[in-house]
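The structure file entry36.txt is reproduced below (compact mmCIF, C-alpha atoms).
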# COMPACT_ATOMS: atom_id res chain seq x y z
CA MET S 8 0.31 5.24 -1.67
CA SER S 9 -2.19 2.70 -0.37
CA THR S 10 -5.56 3.39 1.15
CA ALA S 11 -6.42 1.02 3.98
CA THR S 12 -9.86 -0.55 4.01
CA THR S 13 -11.62 -2.36 6.84
CA PRO S 14 -13.56 -5.37 5.58
CA THR S 15 -16.86 -6.23 7.20
CA PRO S 16 -16.78 -9.62 8.95
CA THR S 17 -19.25 -12.17 7.69
CA THR S 18 -21.24 -14.72 9.62
CA ALA S 19 -20.35 -18.38 9.54
CA ALA S 20 -23.36 -19.06 7.31
CA SER S 21 -22.33 -16.62 4.59
CA GLY S 22 -18.82 -18.03 4.29
CA PRO S 23 -15.49 -16.24 4.01
CA THR S 24 -15.29 -13.03 1.99
CA SER S 25 -12.68 -12.22 -0.63
CA GLU S 26 -10.75 -10.17 1.92
CA GLN S 27 -10.51 -13.19 4.19
CA HIS S 28 -8.78 -15.07 1.37
CA GLY S 29 -6.29 -12.22 0.93
CA ILE S 30 -7.85 -10.56 -2.13
CA LYS S 31 -10.03 -7.49 -2.66
CA LYS S 32 -11.85 -5.67 -5.43
CA HIS S 33 -10.10 -2.99 -7.49
CA THR S 34 -10.52 0.34 -5.69
CA ASP S 35 -10.79 2.20 -9.01
CA GLY S 36 -14.05 0.45 -9.92
CA GLY S 37 -12.45 -1.88 -12.45
CA TRP S 38 -13.32 -5.51 -12.84
CA GLY S 39 -11.60 -8.40 -11.17
CA LEU S 40 -9.82 -9.04 -7.88
CA VAL S 41 -6.28 -8.19 -6.81
CA PRO S 42 -4.18 -9.43 -3.88
CA ILE S 43 -4.17 -7.26 -0.75
CA GLN S 44 -0.99 -5.24 -1.08
CA THR S 45 -0.45 -3.62 2.33
CA ARG S 46 -0.26 -5.19 5.76
CA SER S 47 -2.78 -2.71 7.21
CA GLU S 48 -5.49 -4.04 4.85
CA ARG S 49 -5.43 -7.58 6.20
CA PHE S 50 -8.77 -8.91 7.34
CA HIS S 51 -9.31 -9.03 11.09
CA SER S 52 -12.06 -10.40 13.32
CA THR S 53 -12.52 -11.67 16.86
CA ASN S 54 -14.77 -14.52 15.68
CA VAL S 55 -13.01 -17.73 14.67
CA GLU S 56 -15.85 -18.65 12.30
CA ASP S 57 -15.00 -15.61 10.17
CA PHE S 58 -11.75 -17.26 9.11
CA PRO S 59 -11.51 -20.11 6.59
CA ALA S 60 -9.90 -23.39 7.55
CA ILE S 61 -6.09 -23.33 7.43
CA THR S 62 -4.48 -25.27 4.61
CA GLY S 63 -0.83 -24.32 5.20
CA ARG S 64 -0.60 -22.58 1.83
CA GLU S 65 -1.58 -19.17 3.20
CA ALA S 66 1.16 -16.54 3.39
CA THR S 67 0.90 -16.29 7.17
CA TRP S 68 0.94 -20.08 7.67
CA LYS S 69 3.23 -21.41 4.94
CA TYR S 70 6.23 -21.85 7.25
CA THR S 71 4.25 -23.36 10.15
CA PRO S 72 3.65 -27.10 10.75
CA VAL S 73 -0.11 -26.52 10.83
CA ALA S 74 -0.97 -30.21 11.34
CA ARG S 75 0.89 -30.22 14.66
CA ILE S 76 -1.15 -27.33 16.04
CA ALA S 77 -4.53 -28.21 14.49
CA GLU S 78 -6.18 -28.52 17.91
CA LEU S 79 -5.32 -24.87 18.60
CA THR S 80 -6.56 -23.47 15.29
CA SER S 81 -9.74 -25.50 14.79
CA GLY S 82 -10.60 -27.40 17.96
CA GLU S 83 -12.56 -26.43 21.04
CA LEU S 84 -10.52 -24.69 23.72
CA ASP S 85 -10.74 -24.46 27.48
CA GLY S 86 -11.06 -20.73 28.14
CA SER S 87 -11.41 -20.83 31.91
CA PRO S 88 -9.05 -18.93 34.25
CA TYR S 89 -5.87 -20.78 35.19
CA GLU S 90 -3.43 -20.73 38.07
CA VAL S 91 -0.62 -18.17 38.09
CA THR S 92 1.98 -17.19 40.64
CA THR S 93 3.29 -13.65 40.93
CA THR S 94 5.78 -11.59 42.85
CA ASP S 95 4.46 -9.03 45.32
CA THR S 96 5.36 -5.77 43.62
CA ALA S 97 4.08 -2.36 44.66
CA GLY S 98 2.50 -0.56 41.72
CA VAL S 99 1.55 -3.76 39.85
CA SER S 100 -1.76 -5.55 40.35
CA ILE S 101 -3.62 -8.38 38.61
CA ALA S 102 -7.32 -9.20 38.25
CA TRP S 103 -9.57 -11.47 36.20
CA VAL S 104 -12.24 -9.52 34.27
CA ASP S 105 -15.26 -10.52 32.18
CA ARG S 106 -15.34 -10.51 28.38
CA ASP S 107 -17.34 -7.27 28.27
CA ASP S 108 -14.58 -5.25 29.96
CA VAL S 109 -14.02 -2.07 27.91
CA ARG S 110 -10.25 -2.61 27.85
CA ILE S 111 -10.52 -5.77 25.78
CA GLY S 112 -9.72 -5.09 22.12
CA GLY S 113 -7.99 -1.78 22.76
CA ALA S 114 -4.61 -2.85 21.37
CA GLY S 115 -5.59 -4.93 18.33
CA LYS S 116 -7.69 -7.73 16.88
CA PRO S 117 -6.83 -11.11 15.31
CA GLU S 118 -5.63 -11.38 11.72
CA GLU S 119 -5.52 -15.19 11.67
CA ARG S 120 -7.48 -18.18 12.87
CA ALA S 121 -5.43 -19.32 15.87
CA SER S 122 -5.60 -15.87 17.45
CA ALA S 123 -9.33 -15.65 16.70
CA ASN S 124 -9.93 -19.10 18.21
CA ALA S 125 -8.37 -17.94 21.47
CA TRP S 126 -10.40 -14.72 21.39
CA THR S 127 -13.64 -16.60 20.78
CA SER S 128 -12.94 -19.10 23.57
CA PHE S 129 -11.67 -17.21 26.61
CA GLU S 130 -14.07 -16.80 29.54
CA LYS S 131 -12.19 -14.16 31.52
CA ALA S 132 -9.17 -12.00 30.73
CA LEU S 133 -6.21 -11.55 33.07
CA VAL S 134 -5.43 -7.85 33.51
CA ILE S 135 -2.01 -6.68 34.72
CA SER S 136 -2.11 -3.01 35.72
CA VAL S 137 1.03 -0.89 36.15
CA THR S 138 1.09 2.45 37.97
CA GLY S 139 3.76 4.63 39.56
CA GLU S 140 6.75 6.47 38.14
CA ASP S 141 9.35 4.45 40.06
CA ASP S 142 11.19 1.56 38.38
CA LYS S 143 9.84 -1.83 39.41
CA GLU S 144 10.08 -5.50 38.40
CA PHE S 145 7.20 -7.98 38.38
CA THR S 146 7.18 -11.67 37.45
CA LEU S 147 4.14 -13.75 36.50
CA THR S 148 4.70 -17.50 36.18
CA ARG S 149 2.58 -20.12 34.42
CA SER S 150 3.73 -23.70 34.89
CA GLU S 151 0.60 -25.81 35.38
CA LEU S 152 -1.48 -25.35 32.23
CA GLY S 153 -1.58 -29.08 31.50
CA GLN S 154 -2.05 -31.03 28.26
CA GLY S 155 -5.58 -29.86 27.38
CA ALA S 156 -6.06 -27.39 24.52
CA ARG S 157 -6.52 -23.95 26.06
CA GLY S 158 -7.32 -20.42 24.94
CA ALA S 159 -6.30 -17.37 26.97
CA HIS S 160 -6.37 -13.58 26.96
CA THR S 161 -4.14 -11.17 28.87
CA ILE S 162 -4.16 -7.37 29.04
CA ILE S 163 -1.19 -5.34 30.24
CA GLU S 164 -1.96 -1.67 30.84
CA ALA S 165 0.71 0.86 31.74
CA ALA S 166 -0.67 4.10 33.18
CA PRO S 167 0.71 7.42 31.87
CA PHE S 168 4.26 8.10 33.12
CA SER S 169 4.52 4.65 34.76
CA ARG S 170 7.69 2.55 34.58
CA ALA S 171 8.13 -1.21 35.01
CA THR S 172 9.71 -4.45 33.82
CA LEU S 173 7.22 -7.33 33.52
CA ILE S 174 8.49 -10.90 33.14
CA LEU S 175 6.05 -13.48 31.79
CA GLN S 176 7.63 -16.85 32.64
CA ASN S 177 6.26 -19.96 30.89
CA SER S 178 7.27 -23.55 31.65
CA GLY S 179 5.86 -27.05 31.99
CA ALA S 180 3.23 -28.69 29.79
CA ALA S 181 0.97 -26.58 27.58
CA HIS S 182 -1.26 -26.71 24.51
CA LEU S 183 -2.03 -23.02 24.41
CA THR S 184 -3.18 -20.35 21.97
CA GLU S 185 -3.52 -16.85 23.37
CA ASN S 186 -3.66 -13.11 22.82
CA VAL S 187 -1.76 -10.57 24.90
CA GLU S 188 -2.76 -6.91 24.64
CA ILE S 189 -0.22 -4.31 25.79
CA VAL S 190 -1.41 -0.71 26.12
CA LEU S 191 1.08 2.04 27.00
CA GLY S 192 -0.20 5.39 28.22
CA GLU S 193 1.47 8.70 27.49
CA SER S 194 5.17 8.88 28.44
CA SER S 195 5.16 5.44 30.06
CA ALA S 196 8.17 3.13 29.80
CA LEU S 197 7.47 -0.60 29.87
CA THR S 198 9.68 -3.64 29.34
CA VAL S 199 7.81 -6.90 28.68
CA VAL S 200 9.94 -10.07 28.73
CA THR S 201 8.24 -13.28 27.66
CA VAL S 202 10.24 -16.46 28.37
CA GLN S 203 9.25 -19.79 26.81
CA GLU S 204 10.85 -22.75 28.57
CA TRP S 205 8.07 -25.23 27.88
CA ASP S 206 8.35 -29.02 27.93
CA ASP S 207 9.64 -30.61 24.73
CA ASP S 208 6.16 -31.54 23.46
CA ALA S 209 4.41 -28.25 24.33
CA LEU S 210 2.42 -26.27 21.75
CA HIS S 211 2.21 -22.49 22.09
CA VAL S 212 0.75 -19.99 19.61
CA ALA S 213 0.56 -16.37 20.76
CA THR S 214 -0.05 -12.91 19.37
CA HIS S 215 1.09 -9.89 21.36
CA PHE S 216 -0.71 -6.70 20.32
CA ALA S 217 0.90 -3.48 21.56
CA SER S 218 -0.55 0.03 21.33
CA ILE S 219 2.09 2.64 22.17
CA GLY S 220 0.91 6.11 23.15
CA ARG S 221 2.49 9.54 22.83
CA ASP S 222 6.16 9.64 23.89
CA ALA S 223 5.87 6.13 25.37
CA LEU S 224 8.59 3.49 25.15
CA LEU S 225 8.01 -0.27 24.81
CA LYS S 226 10.83 -2.79 25.02
CA HIS S 227 9.48 -6.23 24.12
CA ILE S 228 11.87 -9.18 24.54
CA ALA S 229 10.97 -12.74 23.53
CA VAL S 230 13.25 -15.56 24.70
CA THR S 231 12.33 -19.04 23.47
CA LEU S 232 14.31 -22.06 24.60
CA GLY S 233 11.70 -24.81 24.95
CA GLY S 234 8.59 -26.28 23.34
CA GLY S 235 7.73 -28.53 20.42
CA VAL S 236 6.06 -25.83 18.33
CA VAL S 237 6.21 -22.23 19.52
CA ARG S 238 4.88 -19.45 17.30
CA LEU S 239 5.04 -15.97 18.83
CA ASN S 240 3.85 -12.95 16.84
CA PRO S 241 4.50 -9.51 18.38
CA ALA S 242 2.63 -6.63 16.70
CA ALA S 243 3.55 -3.08 17.77
CA HIS S 244 1.29 -0.19 16.74
CA LEU S 245 2.93 3.19 17.29
CA VAL S 246 -0.17 5.36 17.57
CA GLY S 247 1.22 8.34 19.50
CA ALA S 248 3.62 10.98 18.26
CA GLY S 249 7.15 10.40 19.52
CA SER S 250 6.47 6.79 20.53
CA ASP S 251 9.29 4.25 20.51
CA ALA S 252 9.39 0.45 20.19
CA GLU S 253 12.33 -1.90 20.63
CA LEU S 254 11.47 -5.51 19.78
CA LEU S 255 14.13 -8.06 20.64
CA GLY S 256 14.26 -11.84 20.48
CA ALA S 257 16.61 -14.72 21.27
CA TYR S 258 15.85 -18.35 20.48
CA PHE S 259 17.64 -21.71 20.54
CA ALA S 260 16.11 -24.62 18.62
CA ASP S 261 17.02 -28.26 19.24
CA ALA S 262 16.26 -31.34 17.13
CA GLY S 263 12.58 -31.52 16.18
CA GLN S 264 11.72 -28.09 17.55
CA HIS S 265 9.89 -25.47 15.49
CA LEU S 266 10.35 -21.93 16.83
CA GLU S 267 8.66 -19.18 14.85
CA GLN S 268 8.39 -15.40 15.18
CA GLN S 269 6.36 -13.13 12.92
CA VAL S 270 6.99 -9.52 13.95
CA TYR S 271 4.90 -6.56 12.80
CA VAL S 272 5.68 -2.88 13.46
CA PHE S 273 3.17 -0.27 12.25
CA HIS S 274 4.38 3.35 12.34
CA ASP S 275 1.08 5.25 12.38
CA ALA S 276 2.09 8.59 13.95
CA PRO S 277 4.75 11.23 13.26
CA HIS S 278 8.31 11.11 14.64
CA THR S 279 8.20 7.52 15.84
CA ARG S 280 11.13 5.13 16.19
CA SER S 281 11.54 1.36 16.16
CA ARG S 282 14.36 -1.16 16.33
CA VAL S 283 13.86 -4.89 15.76
CA THR S 284 16.67 -7.35 16.50
CA TYR S 285 16.13 -11.12 16.65
CA LYS S 286 18.96 -13.66 16.94
CA GLY S 287 18.74 -17.43 17.01
CA ALA S 288 20.84 -20.58 17.08
CA LEU S 289 19.86 -24.03 15.78
CA GLN S 290 21.23 -27.51 16.36
CA GLY S 291 20.09 -31.05 15.62
CA GLU S 292 18.17 -32.89 12.94
CA GLY S 293 14.87 -31.19 12.12
CA ALA S 294 15.55 -28.06 14.17
CA ARG S 295 13.63 -25.26 12.44
CA THR S 296 13.30 -21.53 13.07
CA VAL S 297 11.26 -18.95 11.21
CA TRP S 298 11.47 -15.18 11.46
CA VAL S 299 9.26 -12.86 9.42
CA GLY S 300 9.62 -9.13 10.02
CA ASP S 301 7.04 -6.70 8.61
CA VAL S 302 7.51 -2.94 9.05
CA LEU S 303 4.83 -0.58 7.70
CA ILE S 304 5.37 3.17 7.66
CA GLY S 305 1.93 4.69 7.22
CA PRO S 306 1.08 7.93 5.39
CA LYS S 307 0.86 9.91 8.68
CA ALA S 308 4.22 8.65 10.00
CA VAL S 309 6.49 11.49 8.86
CA GLY S 310 9.91 11.54 10.49
CA THR S 311 9.96 7.77 11.08
CA ASP S 312 13.24 6.12 12.07
CA THR S 313 13.20 2.32 11.82
CA TYR S 314 15.52 -0.64 11.33
CA GLU S 315 14.98 -4.40 11.62
CA GLN S 316 17.44 -7.28 11.51
CA ASN S 317 17.57 -11.02 12.01
CA ARG S 318 20.67 -13.18 12.51
CA ASN S 319 20.78 -16.99 12.68
CA LEU S 320 23.63 -19.30 13.56
CA VAL S 321 23.32 -22.90 12.30
CA LEU S 322 25.38 -25.21 14.52
CA THR S 323 24.83 -28.64 12.92
CA ASP S 324 23.66 -30.31 9.74
CA GLY S 325 19.94 -30.98 9.45
CA ALA S 326 18.83 -27.62 10.86
CA ARG S 327 17.04 -24.93 8.86
CA ALA S 328 16.39 -21.21 9.43
CA ASP S 329 14.02 -19.08 7.34
CA SER S 330 14.36 -15.31 7.54
CA VAL S 331 12.08 -12.88 5.68
CA PRO S 332 12.37 -9.12 6.33
CA ASN S 333 9.78 -6.83 4.70
CA LEU S 334 9.59 -3.04 4.59
CA GLU S 335 6.63 -1.02 3.30
CA ILE S 336 6.72 2.79 3.09
CA GLU S 337 3.69 4.99 2.38
CA THR S 338 5.28 8.40 2.92
CA GLY S 339 8.46 9.91 1.49
CA ASP S 340 9.24 12.06 4.53
CA ILE S 341 11.18 9.76 6.85
CA LEU S 342 14.49 9.89 8.72
CA GLY S 343 15.55 6.37 7.83
CA ALA S 344 14.38 2.82 7.21
CA GLY S 345 16.25 -0.39 6.59
CA HIS S 346 16.40 -4.11 7.16
CA ALA S 347 18.93 -6.94 7.15
CA SER S 348 19.02 -10.69 7.43
CA ALA S 349 21.81 -13.27 7.62
CA THR S 350 22.05 -17.00 8.28
CA GLY S 351 25.32 -18.89 8.47
CA ARG S 352 27.60 -21.31 10.28
CA PHE S 353 30.50 -20.64 12.64
CA ASP S 354 33.11 -18.15 11.58
CA ASP S 355 36.19 -20.33 11.05
CA GLU S 356 38.48 -17.38 11.72
CA GLN S 357 36.90 -16.79 15.13
CA LEU S 358 37.31 -20.46 16.03
CA PHE S 359 40.90 -20.50 14.80
CA TYR S 360 41.74 -17.39 16.85
CA LEU S 361 40.30 -18.86 20.04
CA GLN S 362 41.96 -22.24 19.50
CA SER S 363 45.29 -20.51 18.86
CA ARG S 364 44.95 -19.10 22.40
CA GLY S 365 44.77 -22.61 23.86
CA ILE S 366 40.96 -22.91 24.00
CA THR S 367 39.52 -26.25 22.94
CA GLU S 368 37.22 -26.39 19.91
CA ASP S 369 34.13 -27.25 21.99
CA GLU S 370 34.75 -24.41 24.41
CA ALA S 371 35.47 -22.03 21.52
CA ARG S 372 32.12 -22.90 19.94
CA ARG S 373 30.33 -22.30 23.24
CA LEU S 374 32.01 -18.92 23.64
CA VAL S 375 30.97 -17.85 20.14
CA VAL S 376 27.32 -18.85 20.60
CA ARG S 377 27.15 -17.39 24.09
CA GLY S 378 28.46 -14.07 22.80
CA PHE S 379 26.13 -14.22 19.79
CA LEU S 380 23.00 -14.42 21.95
CA ALA S 381 24.30 -12.28 24.81
CA GLU S 382 23.48 -9.10 22.86
CA ILE S 383 19.78 -9.82 23.41
CA VAL S 384 19.90 -11.38 26.89
CA GLN S 385 21.91 -8.49 28.33
CA LYS S 386 19.20 -6.01 27.33
CA ILE S 387 16.59 -7.61 29.59
CA GLY S 388 17.53 -5.41 32.54
CA SER S 389 16.96 -8.08 35.21
CA PRO S 390 20.33 -9.41 36.43
CA ALA S 391 18.83 -12.53 38.01
CA LEU S 392 16.88 -13.49 34.87
CA GLN S 393 19.85 -12.72 32.63
CA GLU S 394 22.07 -15.01 34.68
CA ARG S 395 19.50 -17.82 34.63
CA LEU S 396 18.95 -17.60 30.87
CA THR S 397 22.69 -17.51 30.21
CA ALA S 398 23.00 -20.72 32.24
CA ALA S 399 20.15 -22.29 30.26
CA ILE S 400 21.87 -21.46 26.97
CA GLU S 401 25.12 -22.88 28.34
CA ALA S 402 23.28 -26.10 29.20
CA GLU S 403 22.00 -26.35 25.62
CA LEU S 404 25.54 -25.97 24.29
CA THR S 405 26.94 -28.51 26.74
CA ALA S 406 24.31 -31.01 25.65
CA LEU S 407 25.30 -30.42 22.04
CA ALA S 408 28.98 -31.02 22.77
CA SER S 409 28.20 -34.22 24.68
CA SER S 410 26.03 -35.48 21.85
CA GLN S 411 28.71 -34.78 19.25
CA ASP S 412 31.39 -36.51 21.33
CA GLY S 413 29.11 -39.51 21.74
CA ASP S 414 28.49 -39.71 17.99
CA ALA S 415 32.21 -39.41 17.28
CA GLN S 416 33.11 -42.16 19.74
CA ALA S 417 30.41 -44.43 18.31
CA ALA S 418 32.04 -43.93 14.92
CA GLY S 419 35.49 -44.67 16.34
CA ILE S 420 36.68 -41.05 16.12
CA GLU S 421 38.52 -39.45 19.04
CA PRO S 422 37.11 -36.11 20.33
CA ALA S 423 38.82 -33.02 18.93
CA ASP S 424 40.49 -32.15 22.25
CA ALA S 425 41.66 -35.67 23.09
CA GLY S 426 45.25 -34.88 22.09
CA GLU S 427 47.76 -37.03 20.20
CA LYS S 428 48.31 -40.64 21.22

For this file, write the structure as structure tokens.
Amino acid sequence: MSTATTPTPTTAASGPTSEQHGIKKHTDGGWGLVPIQTRSERFHSTNVEDFPAITGREATWKYTPVARIAELTSGELDGSPYEVTTTDTAGVSIAWVDRDDVRIGGAGKPEERASANAWTSFEKALVISVTGEDDKEFTLTRSELGQGARGAHTIIEAAPFSRATLILQNSGAAHLTENVEIVLGESSALTVVTVQEWDDDALHVATHFASIGRDALLKHIAVTLGGGVVRLNPAAHLVGAGSDAELLGAYFADAGQHLEQQVYVFHDAPHTRSRVTYKGALQGEGARTVWVGDVLIGPKAVGTDTYEQNRNLVLTDGARADSVPNLEIETGDILGAGHASATGRFDDEQLFYLQSRGITEDEARRLVVRGFLAEIVQKIGSPALQERLTAAIEAELTALASSQDGDAQAAGIEPADAGEK
């Protein structure tokens, strides 16, 4: 059983501590240093200067193209408020607040430099407040962030017993690193859907910290279809007895895209439940996806029920998916815990079955991928958004089929459904 320790942040002048480099002294008084063994012992600070420069060899950065996002991890950021558009929804309000607002920092603090850089840089935080026990849907859209490097901070607070679905819609140009804090009061039920449909050269690094109170339910859904480099790290802290977290993700990477998710679930109270399901598809040369899932069951989390899984479907040569599930248990009194991961190509038997029913190969492939990702999209709970995202996925698949037909014709090969001459 591990004992968590909270390292004391240093100043920039004193340099990084051992904990900041991922090592700590023996707790039994012995000599030497040992690697930090449990996720809860990771160093955290809101000051970017407390973190050493990123080399790309660190455990949390080794899958990320750190050179492509250097301006977000080390450069100066514009932390001023930005333009948003919202729906007019009763029971949901927004406001910009100063850095000294007591709600800031209530859900978590940065464990890595990009998150800390955003925290150090933001001038005002955007607060989204949810009240009322009736079901409601609210959409916040950001589409005009521009090409300048930017840092941002958002707080979502759900009052006790409140219920809502919040859609955070992202599109257009962006070079953005940000933190999103999500705080659920007792017995609240909140669905947060974050949709990334950025321009092809956009850079987006985000950490979503969630603190889930007693008997509260969070459904967090991340859908990523656009952007050059998108790294989204949801971290759910189940702090109240009987709390529940469902973390879902769907992503589709094209040539040259890097889409990354590092998910963390910390069961820190008794009789909590979590389910993590992320599914992705990849196509094109240099398409890359990364999923890392960490689940920690703390010593107080008796009666925990948790399961995490990741599934990836590789559609073409030249694409790569990394999938790393991790499970750490610090109490023997749990209901269940498990994890799974799989990456593969099309199931030839599925394709054969569909083609035997008169469906062309291209259409059969589209049906398989559409059904593969539909499990996540259909859990959003917003029919209009589900329909739009399904159409976006269909457009990706149509573009793939057109590209493959073009390549085949350039090579003098007839398309698969051209028929016999």

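The residue that comes closest to S:Ala66, out of S:Asp355, S:Asp261, S:Leu210, S:Arg49 and on the basis of all atoms listed in the file, is S:Arg49.
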
Practice prompt. Kindly give the distance, in Å, that separates atom CA of S:Ile61 and atom CA of S:Leu232, rounded to a single decimal.
Written response: 26.7 Å

Discussion item. I'd like the neighbourhood of stretch 322-338 of chain S as a ChimeraX atom specification, where a residue qualifies if any of its atoms comes within 6 Å (using only C-alpha atoms), though same-chain residues fewer than 2 positions away should be ignored.
Written reply: /S:8,289-306,340

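Separating atom CA of S:Arg157 from atom CA of S:Ile111 is a distance of 18.6 Å.
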
Practice prompt. Counting all atoms listed in the file, note down every residue that has an atom within 12 Å of the point (22.5, -22.8, 26.4) (file coordinates), as a ChimeraX atom specification.
Written response: /S:204,230-233,257-261,287-290,372-381,384,394-408

Discussion item. Which residues are near stretch 311-315 of chain S? Cut-off 10 Å, all atoms listed in the file, ignore same chain within fewer than 2 positions. Put them as number ranges by chain.
Written reply: S: 249, 251-255, 270, 272, 274-285, 300-305, 307-309, 317, 332-334, 336, 338-348

Fill in: Nearest to S:Arg110, chosen from S:Val200, S:Ala229, S:Val321, S:Val134, with only C-alpha atoms counted in the distances
S:Val134

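The space separating atom CA of S:Asp107 from atom CA of S:Ser81 comes to 23.9 Å.
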
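Those residues positioned at most 10 Å from (-8.1, -13.1, 25.4) are Thr53, Gly86, Arg106, Ile111, Gly112, Ser122, Ala123, Asn124, Ala125, Trp126, Thr127, Ser128, Phe129, Glu130, Lys131, Ala132, Leu133, Gly158, Ala159, His160, Thr161, Ile162, Thr184, Glu185, Asn186, Val187 and Glu188 of chain S, judged using all atoms listed in the file.
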
Considering only C-alpha atoms, return as a PDB file with C-alpha atoms, in the coordinates of the input whatever protein or nucleic-acid residues lie within 6 Å of S:Arg221, sequence-local ones (same chain, fewer than 6 positions apart) excluded.
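Output below, filename around35.pdb:
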ATOM      1  CA  GLU S 193       1.470   8.700  27.490  1.00  0.00           C
ATOM      2  CA  GLY S 247       1.220   8.340  19.500  1.00  0.00           C
ATOM      3  CA  ALA S 248       3.620  10.980  18.260  1.00  0.00           C
ATOM      4  CA  GLY S 249       7.150  10.400  19.520  1.00  0.00           C
ATOM      5  CA  SER S 250       6.470   6.790  20.530  1.00  0.00           C
TER       6      SER S 250
END

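Closest to S:Asp142 among S:Gly192, S:Gly388, S:Pro241, S:Gly351 is S:Gly388, based on all atoms listed in the file.
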
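Each of S:Lys116, S:Leu191, S:Thr93, S:Ile228 was checked against S:Gln385 using only C-alpha atoms; the smallest atom-to-atom distance is that of S:Ile228.
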
Worksheet entry | Option closest in space to S:Thr350, from S:Ala371, S:Ser363, S:Phe145, S:Arg318 [counting all atoms listed in the file] | S:Arg318
